[in-house]
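Everything below concerns the one structure shown next.
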Amino acid sequence: MRYLPLTASDRVEMLAAIGVESVDALFEDVPPSARLSGPVDLPRAMGEIEVERSISNLAARNVTAGSVPFFIGGGVYRHHIPAAVDHLIQRGEFLTSYTPYQPEISQGTLQYLFEFQTQVALLTGMEVANASLYDGATACAEAVMMANRVTGRRKAVLSGGLHPHYREVCATYARFVGFELFAQDPGRSEDPAQLVDRDTSCVVVQNPDFFGEVRDYSGLAGICHDAGALLVVIVTEILSLGAIRPPGDIGADIVAAEGQSLGNALSFGGPHVGLFATRDRFVRQMPGRLVGQTVDATGRRGWVLTLSTREQHIRRERATSNICTNSGLCALAFTIHLALLGEAGMTRLARLNHAAAVALAERLEKVPGIRLLNRTFFNEFAVQLPRPAAEIVELVAARGVLAGVPVSRFYPDNKAVADILLVAATEMTTTEDMGRLEAALRKVLS
């Protein structure tokens, strides 16, 4: 895209047409706390060749996931993506299409969204799923707001095992939308049911949780329902549903998840795809859009936009959400990958992930000074180190191994988690990778 700079007289003319005196006046509503106090710390203007050289040098400082032994998880996971996925989503009719504003003539888009919804509903064990959201964190916040609408209450309880990024997004929504959050301390093992009362709209738990622990929340579901509250289950590693009980089977009312693991690369944090599913009786309070199946005048199968509760389609006061995109290309990548796997392939892939994590945990547990913190996990677990985890990770990285995620990165002021390291293993983790991590940790900790 060409950059066409305006002259000073052009800017004066534009400001006059808008009715303001200066460019600064356009930003009066931005609170001072959100403004920069000076220029951004960037180099001054450069020519095109210099810019390319500078950006290339910056990019070369990154260590890509496939270039070294890689054990980083924490909500985003490295998996193999079949070549067919990228090949198909780059077809012009998929790559260039966007929101179907005239949905019934976009049958191809509606069909794959219908297939996507079906897959998500089957995976989560729920009755209905929407046509995707931004990512897992925003899907989590939307789930809390939906629970508030369903119950007519304004208090949500967040488990201590919920991903800290998801907690922060919920807190942001709570501040501006106006509801209360009661969040347990990170890693607390106490049952969040202790905080449930008659004012509670929902309890939000994650399974497997942020520390990798897999739990059975069937009892919590009953306690929530007895109090008139809903149980919201968050899944950050969607592949885990190939091995553990789906949230629907343990009584979840709403499921919000991150779908990155299927069809979508790490991409330094995005774009990813949010999954959202619920019970049929709550469907009219579900955010986003719902594609349905029907027949046309000649009896042929077709697809329609059955429900669209966002404010682009209906009056603002009746909208359930202002989510205005559905990460369509990422949802399609998810759909293609899962279709290629099939049910048997999904189950086998999940078993491979679990087996890799178990093998790695057994190795690390033998390293002097390392203590395994959880016994029931999927493909990620937490270990306690004899020194701050962030320090150990840096030393191991210097030996060409990315050892995992220090929990202190998410909770820098919480000394109780400073020595905890999250370690993930997937089907991409080789026995050689495990050996290099073990050897590096033994050397650093000796």
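By convention in this document, the chains of the structure tokens carry letters A, B, ... by their order, each chain's residues are numbered from 1, and ligands are numbered from 1 in the order they are shown.
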For the interface of region 29-80 of chain A with region 159-180 of chain A (cut-off 12 Å, counting only C-alpha atoms), please tabulate each contacting residue of region 29-80 of chain A alongside its nearest pair of atoms and their separation in Å to one decimal, rows sorted by chain and increasing number, as JSON lines.
```
{"residue": "A:Gly73", "atom": "CA", "partner": "A:His163", "partner_atom": "CA", "distance": 11.6}
{"residue": "A:Gly74", "atom": "CA", "partner": "A:His163", "partner_atom": "CA", "distance": 8.0}
{"residue": "A:Gly75", "atom": "CA", "partner": "A:His163", "partner_atom": "CA", "distance": 7.5}
{"residue": "A:Val76", "atom": "CA", "partner": "A:His163", "partner_atom": "CA", "distance": 11.2}
```
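Secondary structure from DSSP on the backbone puts alpha helix (DSSP H) at the following positions of region 147-272 of chain A: A:Ala147, A:Asn148, A:Arg149, A:Val150, A:Thr151, A:Pro164, A:His165, A:Tyr166, A:Arg167, A:Glu168, A:Val169, A:Cys170, A:Ala171, A:Thr172, A:Tyr173, A:Ser218, A:Gly219, A:Leu220, A:Ala221, A:Gly222, A:Ile223, A:Cys224, A:His225, A:Asp226.
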Picked from region 305-439 of chain A by DSSP as strand (DSSP E), as a ChimeraX atom specification: /A:305-308,371-372,380-384,405-406,420-424
Would you list the contacts of Leu262 (chain A) as a tab-separated table (two decimals) with N, CA and C atoms, in the first residue's frame, taking every protein, DNA or RNA residue within 10 Å and counting only C-alpha atoms, but skipping same-chain residues closer than 5 positions in sequence?
```
chain	number	residue	atom	x	y	z
A	77	TYR	N	0.15	-23.85	21.82
A	77	TYR	CA	0.92	-25.08	21.73
A	77	TYR	C	1.39	-25.35	20.31
A	78	ARG	N	2.58	-25.96	20.22
A	78	ARG	CA	3.17	-26.29	18.93
A	78	ARG	C	2.73	-27.69	18.50
A	79	HIS	N	1.99	-27.75	17.40
A	79	HIS	CA	1.54	-29.02	16.84
A	79	HIS	C	1.85	-29.07	15.35
A	80	HIS	N	1.86	-30.28	14.83
A	80	HIS	CA	2.05	-30.44	13.39
A	80	HIS	C	0.76	-30.05	12.66
A	81	ILE	N	0.90	-29.25	11.61
A	81	ILE	CA	-0.25	-28.86	10.79
A	81	ILE	C	-0.07	-29.51	9.42
A	82	PRO	N	-0.98	-30.37	9.00
A	82	PRO	CA	-0.86	-31.01	7.68
A	82	PRO	C	-0.74	-29.98	6.57
A	85	VAL	N	-3.83	-28.28	4.97
A	85	VAL	CA	-4.57	-27.19	5.62
A	85	VAL	C	-4.22	-25.85	4.97
A	237	GLU	N	-6.23	-25.93	25.70
A	237	GLU	CA	-5.63	-26.94	24.81
A	237	GLU	C	-6.75	-27.85	24.32
A	238	ILE	N	-7.33	-27.48	23.16
A	238	ILE	CA	-8.51	-28.18	22.65
A	238	ILE	C	-8.20	-29.64	22.34
A	239	LEU	N	-6.95	-29.96	22.06
A	239	LEU	CA	-6.58	-31.35	21.76
A	239	LEU	C	-6.81	-32.26	22.96
A	272	HIS	N	-5.62	-16.29	16.36
A	272	HIS	CA	-6.10	-17.61	16.74
A	272	HIS	C	-7.62	-17.63	16.60
A	273	VAL	N	-8.29	-18.61	17.20
A	273	VAL	CA	-9.74	-18.72	17.01
A	273	VAL	C	-10.41	-19.14	18.32
A	330	CYS	N	-9.20	-18.75	10.29
A	330	CYS	CA	-8.67	-19.62	11.35
A	330	CYS	C	-9.66	-20.73	11.68
A	331	ALA	N	-10.96	-20.39	11.67
A	331	ALA	CA	-11.99	-21.41	11.92
A	331	ALA	C	-11.97	-22.46	10.81
A	333	ALA	N	-9.34	-23.31	9.00
A	333	ALA	CA	-8.14	-24.13	9.21
A	333	ALA	C	-8.40	-25.18	10.28
A	334	PHE	N	-9.06	-24.79	11.35
A	334	PHE	CA	-9.45	-25.72	12.42
A	334	PHE	C	-10.30	-26.85	11.84
A	335	THR	N	-11.30	-26.47	11.05
A	335	THR	CA	-12.24	-27.45	10.49
A	335	THR	C	-11.55	-28.44	9.58
A	336	ILE	N	-10.67	-27.95	8.72
A	336	ILE	CA	-9.97	-28.83	7.78
A	336	ILE	C	-9.06	-29.79	8.53
A	337	HIS	N	-8.31	-29.27	9.50
A	337	HIS	CA	-7.40	-30.13	10.26
A	337	HIS	C	-8.16	-31.23	11.00
A	338	LEU	N	-9.24	-30.86	11.65
A	338	LEU	CA	-10.01	-31.87	12.40
A	338	LEU	C	-10.67	-32.87	11.46
A	341	LEU	N	-8.08	-35.38	10.52
A	341	LEU	CA	-7.79	-36.31	11.60
A	341	LEU	C	-8.90	-37.34	11.78
A	346	MET	N	-7.93	-37.96	15.98
A	346	MET	CA	-7.92	-37.02	17.10
A	346	MET	C	-7.55	-37.75	18.39
```
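The shortest atom-to-atom distance to Pro412 (chain A), with only C-alpha atoms taken into account, belongs to A:Ala390 out of A:Leu364, A:Ala390, A:Val51, A:Ala359.
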Tell me, in Å to one decimal, how far CA of Thr118 (chain A) is from CA of Gly228 (chain A). 28.4 Å
To one decimal in Å, tell me the separation between CA of Gly259 (chain A) and CA of Ala319 (chain A).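 We find that CA of Gly259 (chain A) and CA of Ala319 (chain A) lie 24.7 Å from each other.
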Contact residues around Leu231 (chain A) with only C-alpha atoms at 10 Å, ignoring same-chain residues under 4 positions, as a list in words: Ala143, Val144, Ala147, Val157, Ser201, Cys202, Val203, Val204, Val205, Tyr217, Ser218, Leu220, Ala221, Gly222, Ile223, Cys224, His225, Pro247, Ile250, Gly251, Ala252, Asp253, Ile254 and Val255 of chain A
Residues at most 12 Å from Glu362 (chain A), counting only C-alpha atoms, excluding those fewer than 2 positions away in the same chain, as number ranges by chain? A: 355-360, 364-367, 370-372, 374-375, 381, 383, 434-435, 438
Write the selection just made, keeping C-alpha atoms, as an mmCIF file, in the first residue's frame?
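Result saved to selection.cif:
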```cif
data_model
loop_
_atom_site.group_PDB
_atom_site.id
_atom_site.type_symbol
_atom_site.label_atom_id
_atom_site.label_comp_id
_atom_site.auth_asym_id
_atom_site.auth_seq_id
_atom_site.Cartn_x
_atom_site.Cartn_y
_atom_site.Cartn_z
ATOM 1 C CA ALA A 355 2.576 -40.115 26.276
ATOM 2 C CA ALA A 356 5.203 -37.498 25.388
ATOM 3 C CA ALA A 357 4.355 -35.450 28.485
ATOM 4 C CA VAL A 358 4.469 -38.516 30.756
ATOM 5 C CA ALA A 359 7.859 -39.553 29.357
ATOM 6 C CA LEU A 360 9.222 -36.044 29.859
ATOM 7 C CA LEU A 364 12.666 -34.435 34.794
ATOM 8 C CA GLU A 365 11.588 -35.939 38.081
ATOM 9 C CA LYS A 366 14.930 -37.745 38.229
ATOM 10 C CA VAL A 367 16.890 -34.486 37.992
ATOM 11 C CA ILE A 370 13.235 -30.750 40.520
ATOM 12 C CA ARG A 371 9.850 -31.649 41.992
ATOM 13 C CA LEU A 372 6.817 -32.568 39.886
ATOM 14 C CA ASN A 374 0.907 -32.529 39.482
ATOM 15 C CA ARG A 375 0.243 -36.193 38.770
ATOM 16 C CA PHE A 381 2.674 -29.962 33.752
ATOM 17 C CA VAL A 383 7.632 -28.436 38.157
ATOM 18 C CA MET A 434 13.803 -34.509 26.036
ATOM 19 C CA GLY A 435 17.357 -35.676 26.521
ATOM 20 C CA GLU A 438 17.274 -33.075 30.914
#
```
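Nearest residue to Gln102 (chain A), choosing from A:Leu15, A:Val304, A:Ala131, A:Leu422 and counting only C-alpha atoms: A:Val304.
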Have a look at CA of Leu158 (chain A) and CA of Arg279 (chain A) and let me know their distance in Å, one decimal.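 Going from CA of Leu158 (chain A) over to CA of Arg279 (chain A) covers 20.7 Å.
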Identify, on the basis of only C-alpha atoms, every residue whose closest approach to region 284-290 of chain A does not exceed 6 Å; exclude the query and any residue fewer than 5 positions from it along the same chain; express the result as a list in words.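 The residues satisfying every condition are Asn130, Ala131, Thr306, Leu307, Ser308, Thr309, Arg310, Thr320 and Ser321 of chain A.
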Find the residues near Ala418 (chain A): any atom within 12 Å, counting only C-alpha atoms, skip ones fewer than 4 places away on the same chain, and give them as an MDAnalysis selection string. chainID A and resid 186 383:393 405:414 422
